[in-house]
$ cat model.cif   # mmCIF, C-alpha atoms
data_protein
loop_
_atom_site.group_PDB
_atom_site.id
_atom_site.type_symbol
_atom_site.label_atom_id
_atom_site.label_comp_id
_atom_site.auth_asym_id
_atom_site.auth_seq_id
_atom_site.Cartn_x
_atom_site.Cartn_y
_atom_site.Cartn_z
ATOM 1 C CA MET A 1 112.838 101.574 105.760
ATOM 2 C CA GLY A 2 113.609 104.852 107.531
ATOM 3 C CA GLN A 3 115.773 105.430 110.550
ATOM 4 C CA TRP A 4 116.151 103.021 113.443
ATOM 5 C CA ASN A 5 114.367 103.837 116.687
ATOM 6 C CA GLU A 6 113.821 102.104 120.030
ATOM 7 C CA THR A 7 111.154 99.844 118.499
ATOM 8 C CA SER A 8 113.571 98.757 115.784
ATOM 9 C CA LEU A 9 116.054 97.627 118.433
ATOM 10 C CA ALA A 10 113.517 95.595 120.436
ATOM 11 C CA ASP A 11 114.123 91.924 121.165
ATOM 12 C CA PHE A 12 112.929 89.064 118.972
ATOM 13 C CA ILE A 13 111.220 85.928 120.264
ATOM 14 C CA LEU A 14 112.595 82.550 119.166
ATOM 15 C CA GLU A 15 109.874 79.914 119.141
ATOM 16 C CA GLY A 16 112.468 77.140 119.538
ATOM 17 C CA LEU A 17 112.309 73.447 118.729
ATOM 18 C CA PHE A 18 110.954 71.858 121.885
ATOM 19 C CA ASN A 19 108.318 72.288 124.568
ATOM 20 C CA TYR A 20 108.584 70.867 128.089
ATOM 21 C CA SER A 21 106.846 67.525 127.549
ATOM 22 C CA LEU A 22 108.721 64.328 128.393
ATOM 23 C CA THR A 23 109.146 63.432 124.695
ATOM 24 C CA HIS A 24 110.511 66.850 123.791
ATOM 25 C CA THR A 25 112.846 66.804 126.803
ATOM 26 C CA PHE A 26 114.277 63.539 125.477
ATOM 27 C CA PHE A 27 114.780 65.036 121.999
ATOM 28 C CA PHE A 28 116.388 68.118 123.536
ATOM 29 C CA SER A 29 118.834 65.878 125.425
ATOM 30 C CA LEU A 30 119.525 63.949 122.215
ATOM 31 C CA THR A 31 120.214 67.231 120.395
ATOM 32 C CA LEU A 32 122.760 68.185 123.051
ATOM 33 C CA VAL A 33 124.489 64.813 122.616
ATOM 34 C CA VAL A 34 124.608 65.339 118.836
ATOM 35 C CA PHE A 35 125.950 68.860 119.425
ATOM 36 C CA LEU A 36 128.762 67.507 121.622
ATOM 37 C CA VAL A 37 129.598 64.866 118.997
ATOM 38 C CA ALA A 38 129.715 67.560 116.302
ATOM 39 C CA VAL A 39 131.978 69.829 118.367
ATOM 40 C CA SER A 40 134.266 66.949 119.386
ATOM 41 C CA GLY A 41 134.440 65.409 115.895
ATOM 42 C CA ASN A 42 135.207 68.631 114.053
ATOM 43 C CA SER A 43 137.672 69.858 116.708
ATOM 44 C CA LEU A 44 139.467 66.507 116.592
ATOM 45 C CA THR A 45 139.653 66.610 112.783
ATOM 46 C CA ILE A 46 141.230 70.076 112.872
ATOM 47 C CA LEU A 47 143.721 69.040 115.567
ATOM 48 C CA LEU A 48 144.707 65.858 113.724
ATOM 49 C CA ILE A 49 145.348 67.731 110.478
ATOM 50 C CA CYS A 50 147.432 70.332 112.303
ATOM 51 C CA ALA A 51 149.366 67.763 114.348
ATOM 52 C CA ASP A 52 150.208 65.157 111.702
ATOM 53 C CA PRO A 53 152.744 66.349 109.068
ATOM 54 C CA ARG A 54 151.493 63.685 106.638
ATOM 55 C CA LEU A 55 148.159 65.486 106.525
ATOM 56 C CA HIS A 56 149.712 68.819 105.541
ATOM 57 C CA THR A 57 148.425 68.539 101.980
ATOM 58 C CA PRO A 58 145.937 70.691 100.002
ATOM 59 C CA MET A 59 143.096 68.180 100.402
ATOM 60 C CA TYR A 60 143.435 68.004 104.179
ATOM 61 C CA PHE A 61 143.953 71.743 104.541
ATOM 62 C CA LEU A 62 140.612 72.270 102.790
ATOM 63 C CA LEU A 63 139.093 69.555 104.991
ATOM 64 C CA SER A 64 140.277 71.449 108.081
ATOM 65 C CA GLN A 65 138.482 74.541 106.769
ATOM 66 C CA LEU A 66 135.321 72.471 106.254
ATOM 67 C CA SER A 67 135.537 71.218 109.847
ATOM 68 C CA LEU A 68 136.030 74.778 111.101
ATOM 69 C CA MET A 69 132.901 75.865 109.211
ATOM 70 C CA ASP A 70 130.901 72.960 110.619
ATOM 71 C CA LEU A 71 132.144 73.797 114.100
ATOM 72 C CA MET A 72 131.048 77.419 113.731
ATOM 73 C CA TYR A 73 127.677 76.276 112.355
ATOM 74 C CA VAL A 74 126.692 74.326 115.460
ATOM 75 C CA ILE A 75 128.208 76.855 117.894
ATOM 76 C CA THR A 76 126.261 79.688 116.259
ATOM 77 C CA THR A 77 122.839 78.051 116.636
ATOM 78 C CA ILE A 78 122.626 75.326 119.301
ATOM 79 C CA PRO A 79 123.995 77.039 122.464
ATOM 80 C CA LYS A 80 121.449 79.882 122.249
ATOM 81 C CA MET A 81 118.619 77.411 121.658
ATOM 82 C CA ALA A 82 119.768 75.332 124.644
ATOM 83 C CA ALA A 83 120.172 78.392 126.883
ATOM 84 C CA ASN A 84 116.646 79.592 126.060
ATOM 85 C CA TYR A 85 115.170 76.142 126.683
ATOM 86 C CA LEU A 86 116.925 75.660 130.031
ATOM 87 C CA SER A 87 116.192 79.184 131.278
ATOM 88 C CA GLY A 88 112.601 79.247 130.030
ATOM 89 C CA ARG A 89 113.265 82.493 128.131
ATOM 90 C CA LYS A 90 112.735 82.765 124.399
ATOM 91 C CA SER A 91 114.076 86.213 123.655
ATOM 92 C CA ILE A 92 117.131 87.207 121.660
ATOM 93 C CA SER A 93 118.333 90.780 121.345
ATOM 94 C CA PHE A 94 118.227 92.724 118.097
ATOM 95 C CA VAL A 95 122.045 92.762 117.879
ATOM 96 C CA GLY A 96 122.288 89.116 118.935
ATOM 97 C CA CYS A 97 119.750 88.042 116.326
ATOM 98 C CA PHE A 98 121.484 89.780 113.454
ATOM 99 C CA THR A 99 124.908 88.647 114.639
ATOM 100 C CA GLN A 100 123.603 85.074 114.590
ATOM 101 C CA HIS A 101 122.045 85.685 111.164
ATOM 102 C CA PHE A 102 125.320 87.041 109.765
ATOM 103 C CA LEU A 103 127.399 84.167 111.152
ATOM 104 C CA TYR A 104 125.159 81.277 110.072
ATOM 105 C CA LEU A 105 124.638 82.746 106.579
ATOM 106 C CA SER A 106 128.391 83.386 106.211
ATOM 107 C CA VAL A 107 129.323 79.861 107.267
ATOM 108 C CA GLY A 108 126.629 78.236 105.104
ATOM 109 C CA THR A 109 127.668 80.147 101.993
ATOM 110 C CA ALA A 110 131.363 79.563 102.708
ATOM 111 C CA GLU A 111 130.748 75.815 102.970
ATOM 112 C CA CYS A 112 128.903 75.893 99.662
ATOM 113 C CA ILE A 113 131.904 77.564 97.977
ATOM 114 C CA LEU A 114 134.460 75.364 99.728
ATOM 115 C CA LEU A 115 132.776 72.088 98.764
ATOM 116 C CA THR A 116 132.864 73.253 95.143
ATOM 117 C CA LEU A 117 136.579 74.055 95.376
ATOM 118 C CA MET A 118 137.229 70.694 97.047
ATOM 119 C CA SER A 119 135.714 68.973 93.995
ATOM 120 C CA TYR A 120 138.262 70.842 91.846
ATOM 121 C CA ASP A 121 141.007 69.524 94.135
ATOM 122 C CA ARG A 122 139.790 65.949 93.535
ATOM 123 C CA TYR A 123 139.585 66.627 89.771
ATOM 124 C CA VAL A 124 143.216 67.786 89.663
ATOM 125 C CA ALA A 125 144.397 64.881 91.843
ATOM 126 C CA ILE A 126 142.838 62.237 89.594
ATOM 127 C CA CYS A 127 142.866 63.817 86.129
ATOM 128 C CA HIS A 128 146.203 65.703 86.380
ATOM 129 C CA PRO A 129 148.223 63.906 89.094
ATOM 130 C CA LEU A 130 151.629 64.923 87.680
ATOM 131 C CA ARG A 131 150.679 68.614 87.842
ATOM 132 C CA TYR A 132 148.938 68.398 91.230
ATOM 133 C CA THR A 133 151.691 70.116 93.239
ATOM 134 C CA VAL A 134 151.715 73.022 90.761
ATOM 135 C CA LEU A 135 147.958 73.429 90.285
ATOM 136 C CA MET A 136 147.253 72.941 94.000
ATOM 137 C CA SER A 137 150.192 74.779 95.537
ATOM 138 C CA ARG A 138 150.051 76.225 99.049
ATOM 139 C CA ARG A 139 149.337 79.669 97.617
ATOM 140 C CA VAL A 140 146.399 78.316 95.599
ATOM 141 C CA THR A 141 144.866 76.489 98.573
ATOM 142 C CA LEU A 142 145.201 79.571 100.785
ATOM 143 C CA MET A 143 143.462 81.606 98.078
ATOM 144 C CA MET A 144 140.686 79.004 97.936
ATOM 145 C CA ALA A 145 140.118 79.242 101.684
ATOM 146 C CA ALA A 146 140.237 83.050 101.598
ATOM 147 C CA MET A 147 137.811 83.122 98.668
ATOM 148 C CA SER A 148 135.355 80.941 100.563
ATOM 149 C CA TRP A 149 135.444 83.003 103.761
ATOM 150 C CA LEU A 150 135.621 86.491 102.244
ATOM 151 C CA GLY A 151 133.087 85.890 99.470
ATOM 152 C CA ALA A 152 130.600 84.354 101.877
ATOM 153 C CA SER A 153 131.112 87.087 104.483
ATOM 154 C CA MET A 154 130.492 89.849 101.944
ATOM 155 C CA ASN A 155 127.324 88.145 100.701
ATOM 156 C CA SER A 156 126.084 87.659 104.263
ATOM 157 C CA LEU A 157 126.945 91.223 105.276
ATOM 158 C CA VAL A 158 124.938 92.673 102.385
ATOM 159 C CA HIS A 159 121.843 90.597 103.209
ATOM 160 C CA THR A 160 122.164 91.284 106.937
ATOM 161 C CA MET A 161 122.473 95.054 106.465
ATOM 162 C CA ILE A 162 119.472 95.133 104.100
ATOM 163 C CA LEU A 163 117.389 93.036 106.477
ATOM 164 C CA MET A 164 118.268 95.253 109.454
ATOM 165 C CA ARG A 165 116.802 98.301 107.677
ATOM 166 C CA PHE A 166 113.320 96.805 107.267
ATOM 167 C CA PRO A 167 110.585 97.475 109.868
ATOM 168 C CA PHE A 168 109.455 94.378 111.789
ATOM 169 C CA CYS A 169 105.916 93.636 112.951
ATOM 170 C CA GLY A 170 105.047 92.789 116.554
ATOM 171 C CA PRO A 171 105.204 90.516 118.450
ATOM 172 C CA ARG A 172 108.391 89.767 116.435
ATOM 173 C CA LYS A 173 108.044 86.025 117.007
ATOM 174 C CA ILE A 174 110.385 83.928 114.836
ATOM 175 C CA SER A 175 108.993 80.468 114.067
ATOM 176 C CA HIS A 176 112.402 78.883 114.362
ATOM 177 C CA PHE A 177 115.150 78.040 116.851
ATOM 178 C CA TYR A 178 117.565 80.646 115.454
ATOM 179 C CA CYS A 179 117.390 83.826 113.361
ATOM 180 C CA GLU A 180 117.110 82.148 109.966
ATOM 181 C CA PHE A 181 116.742 84.335 106.888
ATOM 182 C CA PRO A 182 113.375 83.019 105.513
ATOM 183 C CA ALA A 183 111.787 83.019 108.981
ATOM 184 C CA MET A 184 112.776 86.651 109.529
ATOM 185 C CA LEU A 185 111.428 87.751 106.159
ATOM 186 C CA LYS A 186 107.943 86.745 107.353
ATOM 187 C CA LEU A 187 108.094 89.390 110.127
ATOM 188 C CA ILE A 188 108.745 92.381 107.864
ATOM 189 C CA CYS A 189 105.994 95.040 107.770
ATOM 190 C CA ALA A 190 106.706 96.258 104.242
ATOM 191 C CA ASP A 191 106.344 95.200 100.638
ATOM 192 C CA ILE A 192 109.311 92.923 99.976
ATOM 193 C CA THR A 193 108.021 91.221 96.829
ATOM 194 C CA VAL A 194 110.903 92.485 94.690
ATOM 195 C CA TYR A 195 113.473 91.705 97.368
ATOM 196 C CA GLU A 196 112.068 88.189 97.877
ATOM 197 C CA LYS A 197 112.321 87.459 94.157
ATOM 198 C CA THR A 198 115.879 88.791 94.110
ATOM 199 C CA VAL A 199 116.788 86.621 97.116
ATOM 200 C CA TYR A 200 115.218 83.534 95.530
ATOM 201 C CA ILE A 201 117.108 84.058 92.263
ATOM 202 C CA SER A 202 120.406 84.650 94.084
ATOM 203 C CA THR A 203 119.822 81.555 96.239
ATOM 204 C CA VAL A 204 119.168 79.432 93.160
ATOM 205 C CA LEU A 205 122.363 80.751 91.574
ATOM 206 C CA VAL A 206 124.422 80.260 94.744
ATOM 207 C CA LEU A 207 123.287 76.641 94.879
ATOM 208 C CA LEU A 208 122.907 75.871 91.174
ATOM 209 C CA ILE A 209 126.322 77.118 89.993
ATOM 210 C CA PRO A 210 128.259 75.079 92.616
ATOM 211 C CA ILE A 211 126.157 71.993 91.842
ATOM 212 C CA LEU A 212 126.931 72.350 88.134
ATOM 213 C CA LEU A 213 130.652 72.852 88.820
ATOM 214 C CA VAL A 214 130.772 69.851 91.163
ATOM 215 C CA SER A 215 128.909 67.753 88.581
ATOM 216 C CA ALA A 216 131.348 68.840 85.860
ATOM 217 C CA SER A 217 134.344 67.929 88.054
ATOM 218 C CA TYR A 218 132.970 64.473 88.754
ATOM 219 C CA ALA A 219 132.046 63.931 85.107
ATOM 220 C CA PHE A 220 135.732 64.450 84.183
ATOM 221 C CA ILE A 221 136.799 62.289 87.125
ATOM 222 C CA LEU A 222 134.469 59.472 86.033
ATOM 223 C CA ARG A 223 135.815 59.623 82.490
ATOM 224 C CA SER A 224 139.409 59.382 83.786
ATOM 225 C CA VAL A 225 138.539 56.493 86.088
ATOM 226 C CA ILE A 226 136.879 54.565 83.245
ATOM 227 C CA GLN A 227 140.063 54.962 81.175
ATOM 228 C CA MET A 228 142.262 53.546 83.962
ATOM 229 C CA GLN A 229 143.601 50.058 83.280
ATOM 230 C CA SER A 230 144.309 48.989 86.855
ATOM 231 C CA ALA A 231 141.428 47.858 89.063
ATOM 232 C CA GLY A 232 143.409 49.036 92.097
ATOM 233 C CA SER A 233 143.757 52.538 90.648
ATOM 234 C CA LYS A 234 140.017 52.674 90.045
ATOM 235 C CA ARG A 235 139.302 51.644 93.638
ATOM 236 C CA ASN A 236 141.719 54.249 94.994
ATOM 237 C CA ALA A 237 140.159 56.955 92.817
ATOM 238 C CA PHE A 238 136.636 56.125 93.980
ATOM 239 C CA ALA A 239 137.808 55.890 97.595
ATOM 240 C CA THR A 240 139.421 59.333 97.514
ATOM 241 C CA CYS A 241 136.226 60.885 96.100
ATOM 242 C CA SER A 242 133.554 58.975 98.009
ATOM 243 C CA SER A 243 133.799 60.963 101.254
ATOM 244 C CA HIS A 244 133.595 64.324 99.502
ATOM 245 C CA LEU A 245 130.743 63.196 97.267
ATOM 246 C CA THR A 246 128.779 61.943 100.294
ATOM 247 C CA VAL A 247 129.247 65.252 102.137
ATOM 248 C CA VAL A 248 128.274 67.240 99.024
ATOM 249 C CA SER A 249 125.097 65.186 98.580
ATOM 250 C CA LEU A 250 124.045 65.669 102.210
ATOM 251 C CA PHE A 251 124.761 69.401 102.305
ATOM 252 C CA PHE A 252 123.286 70.441 98.957
ATOM 253 C CA GLY A 253 120.329 68.101 99.356
ATOM 254 C CA ALA A 254 119.399 69.736 102.667
ATOM 255 C CA CYS A 255 119.929 73.254 101.273
ATOM 256 C CA ILE A 256 117.760 72.569 98.216
ATOM 257 C CA PHE A 257 115.000 71.231 100.473
ATOM 258 C CA SER A 258 115.227 74.261 102.772
ATOM 259 C CA TYR A 259 115.678 77.140 100.329
ATOM 260 C CA MET A 260 114.535 76.215 96.834
ATOM 261 C CA ARG A 261 110.973 75.104 97.544
ATOM 262 C CA PRO A 262 108.210 77.579 96.618
ATOM 263 C CA ARG A 263 106.968 79.639 99.569
ATOM 264 C CA SER A 264 103.441 78.203 99.158
ATOM 265 C CA GLN A 265 104.800 74.703 99.875
ATOM 266 C CA ARG A 266 106.800 75.673 102.972
ATOM 267 C CA THR A 267 105.648 75.064 106.533
ATOM 268 C CA PRO A 268 107.415 76.104 109.772
ATOM 269 C CA LEU A 269 107.862 72.442 110.736
ATOM 270 C CA GLN A 270 109.479 71.571 107.401
ATOM 271 C CA ASP A 271 111.769 74.605 107.688
ATOM 272 C CA LYS A 272 112.864 73.536 111.176
ATOM 273 C CA VAL A 273 113.483 69.929 110.104
ATOM 274 C CA GLY A 274 115.517 71.058 107.084
ATOM 275 C CA SER A 275 117.537 73.477 109.204
ATOM 276 C CA VAL A 276 118.238 70.848 111.867
ATOM 277 C CA PHE A 277 119.549 68.551 109.143
ATOM 278 C CA TYR A 278 122.038 70.939 107.539
ATOM 279 C CA SER A 279 122.964 72.931 110.672
ATOM 280 C CA VAL A 280 123.231 70.049 113.163
ATOM 281 C CA ILE A 281 123.126 66.607 111.526
ATOM 282 C CA THR A 282 125.411 67.330 108.553
ATOM 283 C CA PRO A 283 128.169 68.995 110.666
ATOM 284 C CA THR A 284 128.023 65.923 112.930
ATOM 285 C CA LEU A 285 128.244 63.416 110.081
ATOM 286 C CA ASN A 286 130.988 65.168 108.076
ATOM 287 C CA PRO A 287 133.938 64.370 110.388
ATOM 288 C CA LEU A 288 132.630 60.830 110.895
ATOM 289 C CA ILE A 289 132.427 60.305 107.129
ATOM 290 C CA TYR A 290 135.982 61.560 106.582
ATOM 291 C CA THR A 291 137.412 59.736 109.605
ATOM 292 C CA LEU A 292 135.744 56.372 109.029
ATOM 293 C CA ARG A 293 136.189 56.336 105.256
ATOM 294 C CA ASN A 294 139.642 57.919 105.049
ATOM 295 C CA LYS A 295 142.652 55.745 105.888
ATOM 296 C CA ASP A 296 145.033 58.683 106.366
ATOM 297 C CA VAL A 297 142.838 60.412 108.954
ATOM 298 C CA ALA A 298 142.091 57.118 110.708
ATOM 299 C CA LYS A 299 145.838 56.332 110.798
ATOM 300 C CA ALA A 300 146.619 59.788 112.210
ATOM 301 C CA LEU A 301 143.990 59.234 114.911
ATOM 302 C CA LYS A 302 145.514 55.858 115.828
ATOM 303 C CA ASN A 303 148.977 57.422 115.999
ATOM 304 C CA VAL A 304 147.777 60.205 118.305
ATOM 305 C CA LEU A 305 145.935 57.743 120.549
ATOM 306 C CA GLY A 306 148.969 55.466 120.539
ATOM 307 C CA ARG A 307 151.265 58.317 121.626
ATOM 308 C CA ASP A 308 148.875 59.253 124.416
ATOM 309 C CA ILE A 309 148.795 55.658 125.693
ATOM 310 C CA ILE A 310 152.606 55.406 125.595
ATOM 311 C CA THR A 311 152.935 58.773 127.388
ATOM 312 C CA GLN A 312 150.593 57.627 130.132
#
$ encode --input "model.cif" --output "structure tokens"
Amino acid sequence: MGQWNETSLADFILEGLFNYSLTHTFFFSLTLVVFLVAVSGNSLTILLICADPRLHTPMYFLLSQLSLMDLMYVITTIPKMAANYLSGRKSISFVGCFTQHFLYLSVGTAECILLTLMSYDRYVAICHPLRYTVLMSRRVTLMMAAMSWLGASMNSLVHTMILMRFPFCGPRKISHFYCEFPAMLKLICADITVYEKTVYISTVLVLLIPILLVSASYAFILRSVIQMQSAGSKRNAFATCSSHLTVVSLFFGACIFSYMRPRSQRTPLQDKVGSVFYSVITPTLNPLIYTLRNKDVAKALKNVLGRDIITQ
């Protein structure tokens, strides 16, 4: 892996998603619209939670962190892709590529951790409602957020630093629209068999352990709901969990498709489609799912819009 030299610091080439045909130009425009929806939706969710005192609860604080992660996800990947497409350039600097790699991997891992912790929040709310304020105090929720960000950042930093030390083959063309980890591994001019196996095992653990914990939380929740006597209580319990469960299914489903398939069954097109889903589509859908299916957020939105109308 040796010392860095001028060759090590050379630019990478991002293949991108689209060419300049009429069809691809349409899909590029559609991607920009989706990007704007994602930025607007997640920014609005964060602002609503900050502005409305009724949303200053552990569940909504964690939701604001999820929206912040989704916002960072799309900002990390789409603007560079759009800039390259519009300018006709496909290059990204060595520092820019690894900065992008660090950020997207940090945010993705943080979201994985946070969604797991949010399932614990729902478990406490439904299975131990009388102890909710104690078990989910402000200090606990702040620790949850810090754990998600710091743990993910450390994991991403380790992988980024290791990856930076490997030699890369020319022409350093990444078959992707951003500096994604698996796509960059294909450019390394060294034996990385052991490292690849280590990465695959760690990826399985990073995804498998949260999935098991989320499943355990919802197994306890389901048992508590079945024991409830009131039909209204059952409906409220399912309603409070449905948004989170939908988001979890979308996120982990896309991650499993992108990262847990054997290398022999992966194609660049499949990798791009999977990445578009969890880095663009999911961050766009998450605020819509929580806004449309959550009465408190929808009510806060109506109140804000109502105040604006009255002010005008």
$ resolve_selection --input "model.cif" --expression "the PyMOL selection byres ((chain A and resi 108) around 10)" --output "PyMOL selection string"
chain A and resi 69-70+72-73+103-107+109-114+152-153+156+251+255+278-279
$ resolve_selection --input "model.cif" --expression "the PyMOL selection byres ((chain A and resi 281) around 10)" --output "list in words"
Thr31, Val34, Phe35, Ala38, Val74, Leu250, Phe251, Gly274, Ser275, Val276, Phe277, Tyr278, Ser279, Val280, Thr282, Pro283, Thr284, Leu285 and Asn286 of chain A
$ resolve_selection --input "model.cif" --expression "the PyMOL selection byres ((chain A and resi 49) around 10)" --output "number ranges by chain"
A: 44-48, 50-57, 60-61, 63-64, 296-297, 300-301
$ axis_aligned_box --input "model.cif" --around "range 94-108 of chain A" --padding-each-side "6 Å" --output "lines of an AutoDock Vina configuration file"
center_x = 123.8
center_y = 85.5
center_z = 112.0
size_x = 23.1
size_y = 26.5
size_z = 25.8
$ atom_distance --input "model.cif" --atom1 "CA of Phe166 in chain A" --atom2 "CA of Met147 in chain A"
29.3 Å
$ closest_residue --input "model.cif" --among "A:Tyr132, A:Phe98, A:Tyr20, A:Tyr290" --to "Leu245 in chain A" --atoms "all atoms listed in the file"
A:Tyr290
$ closest_residue --input "model.cif" --among "A:Ser148, A:Ser87, A:Ser67, A:Ser258" --to "Ala183 in chain A" --atoms "all atoms listed in the file"
A:Ser258
$ closest_residue --input "model.cif" --among "A:Leu17, A:Met154, A:Val37, A:Met118" --to "Gln65 in chain A" --atoms "all atoms listed in the file"
A:Met118
$ closest_residue --input "model.cif" --among "A:Phe252, A:Asn303, A:Ile126, A:Gly170" --to "Ser233 in chain A" --atoms "only C-alpha atoms"
A:Ile126
$ residues_around --input "model.cif" --residues "Met260 in chain A" --least-positions-apart "5" --cutoff "8 Å" --atoms "all atoms listed in the file" --output "NGL selection string"
:A and (200 or 203-204 or 255)
$ atom_distance --input "model.cif" --atom1 "CA of Phe18 in chain A" --atom2 "CA of Ser175 in chain A"
11.8 Å
$ atom_distance --input "model.cif" --atom1 "CA of Met161 in chain A" --atom2 "CA of Ile78 in chain A"
23.5 Å
$ closest_residue --input "model.cif" --among "A:Ala298, A:Ala146, A:Met136, A:Leu22" --to "Tyr120 in chain A" --atoms "only C-alpha atoms"
A:Met136
$ closest_residue --input "model.cif" --among "A:Met144, A:Val248, A:Leu163, A:Ala82" --to "Leu30 in chain A" --atoms "all atoms listed in the file"
A:Ala82
